[in-house]
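Report on the structure given below.
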Amino acid sequence: MQKLRLLLLPISLIYGLVVIIRNWCYDVGLFKSTSFNLPVISVGNLDVGGSGKTPMTEYLIRLLKQDHQLATLSRGYGRETKGFRIATVNSAASEVGDEPLQLKRKFPDVNVTVCEDRVAGAERLLADNDVIILDDAFQHRAIKPGFSILLFDYKQIQNFNTFLLPAGNRREPARGRKRADIIVVTKTPREADLGELKHVREKIAPYPHQQLFFAGIQYQPLQLNGTATDMVIDKDTTVFLLTGIANPLLTIHHYLSRYTPRIIHHKYPDHHRFSTKNIAKLADEFAVCTADKKIIVTTEKDMQRLGEQDLQSLVAKLTIYTLPIGVEFLNDEGQHFNQLIQNYVRQYTAHRGLH
């Protein structure tokens, strides 16, 4: 597949030229970039999918929600609607997107919104919110965040100087990282030694104004209907794993394989809208499995899409566990990261109070 993608290099060159010209136009002011008089934090990446933007957004929500009225704003990837939408706990993934729906159900008091026009969306949030978190907005130059967090997947750093779309997975050239205030290398293995981390730092080569952090995935207890359980997966457990996320073999599948070799993986593309055929296939294979201990596991994001109306009768007959994940900073760097975020919000809020 990778060799076939190399045939698309001429298109990547054209795409790259367009991106470079576009960024230059924003940099010199030919294209308008709107800023707002409240703290706006952007979370994004340079590559397509799978860098942990939603867990980072959740981390920021937990950090700030006690002291501020928060709103999240994203495009709502995968939704079948247009325009500005406010998510509710009863929304469907097809209305607001799977990741916004996940956020709303975990944080009901946070205003979770979607709009393909981020400027218009942000303007709708100014009156009732203290902080806006932009999810997956690093390339959305029409809105200018006050603080920008750029994520890199640890396992993709070896291909740091990769090709742009469509021959590669890079959305814009690596020089675009200069716009970030903080760089976080996500999915870093806990066992990574100082030499490996130094090598990654040299690959990324952060600019002098940037601070770089390493963070790993923190897996939490299995949940059933949003509540933690004492279900334990061991070597005798057969796991039916259902995923529609990016790079599942490097994340959830890899994690589960530490506990059992018996994984039957129903793998679909990122943001895949599950069909009745998909779920019926899963149900049939689960039913005929003769293992004494067997369970179905999926991700929180995938669980949102399993709530679509046309799937409910099939899903209701299955017991499906979710495996939540969080962000865990390495080398006791979490407190420093938190302080940088809180200082930005606090100073900006104080500045607003003077006017």
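Chain identifiers are assigned as A, B, and so on, following the order in which chains appear in the structure tokens; residues are numbered from 1 within each chain, and ligands are numbered from 1 in order of appearance.
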| task | Write out as a PyMOL selection string the residues lying within 10 Å of region 245-261 of chain A, counting only C-alpha atoms and excluding same-chain residues fewer than 4 positions away. | result | chain A and resi 48-52+155+187+217+219+232-239+241+265+267-272+297-299+301-302+323-325
Each region 308-347 of chain A residue no farther than 10 Å from region 189-195 of chain A, nearest pair in Å, only C-alpha atoms, as JSON lines:
{"residue": "A:Glu328", "atom": "CA", "partner": "A:Arg190", "partner_atom": "CA", "distance": 9.5}
{"residue": "A:Phe329", "atom": "CA", "partner": "A:Arg190", "partner_atom": "CA", "distance": 9.6}
{"residue": "A:Leu330", "atom": "CA", "partner": "A:Arg190", "partner_atom": "CA", "distance": 7.3}
{"residue": "A:Asn331", "atom": "CA", "partner": "A:Arg190", "partner_atom": "CA", "distance": 9.4}
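Proximity ranking of A:Lys53, A:Lys144, A:Lys104, A:Arg22 relative to Val184 (chain A) places A:Lys53 first, based on only C-alpha atoms.
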So which residues touch region 61-65 of chain A within 8 Å, counting only C-alpha atoms, skipping near sequence neighbours fewer than 4 positions away, as a VMD selection string? chain A and resid 57 69 to 70 110 338 342
Closest of A:Pro10, A:Pro39, A:Gly334, A:Gly326 to Leu126 (chain A), counting only C-alpha atoms, is A:Pro39
All strand (DSSP E) positions in region 38-278 of chain A, as a PyMOL selection string: chain A and resi 40-45+70-74+85-86+111-114+131-135+147-153+182-186+211-219+223-224+227-228+237-243+263-267
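The closest residue to Val200 (chain A), picked from A:Leu311, A:Tyr154, A:Gly216, A:Ala174 and counting only C-alpha atoms, is A:Tyr154.
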Exercise. Please identify which residues in region 231-354 of chain A DSSP calls helix (DSSP H, G or I) from the backbone, and express them as a VMD selection string.
Key: chain A and resid 248 to 250 252 to 256 276 to 288 300 to 305 309 to 315 334 to 353
A straight line from CA of Ile132 (chain A) to CA of Ser42 (chain A) spans 8.5 Å
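Shortest separation to Val96 (chain A) among A:Arg79, A:His140, A:His209, A:Arg201 occurs at residue A:Arg79, atoms counted being only C-alpha atoms.
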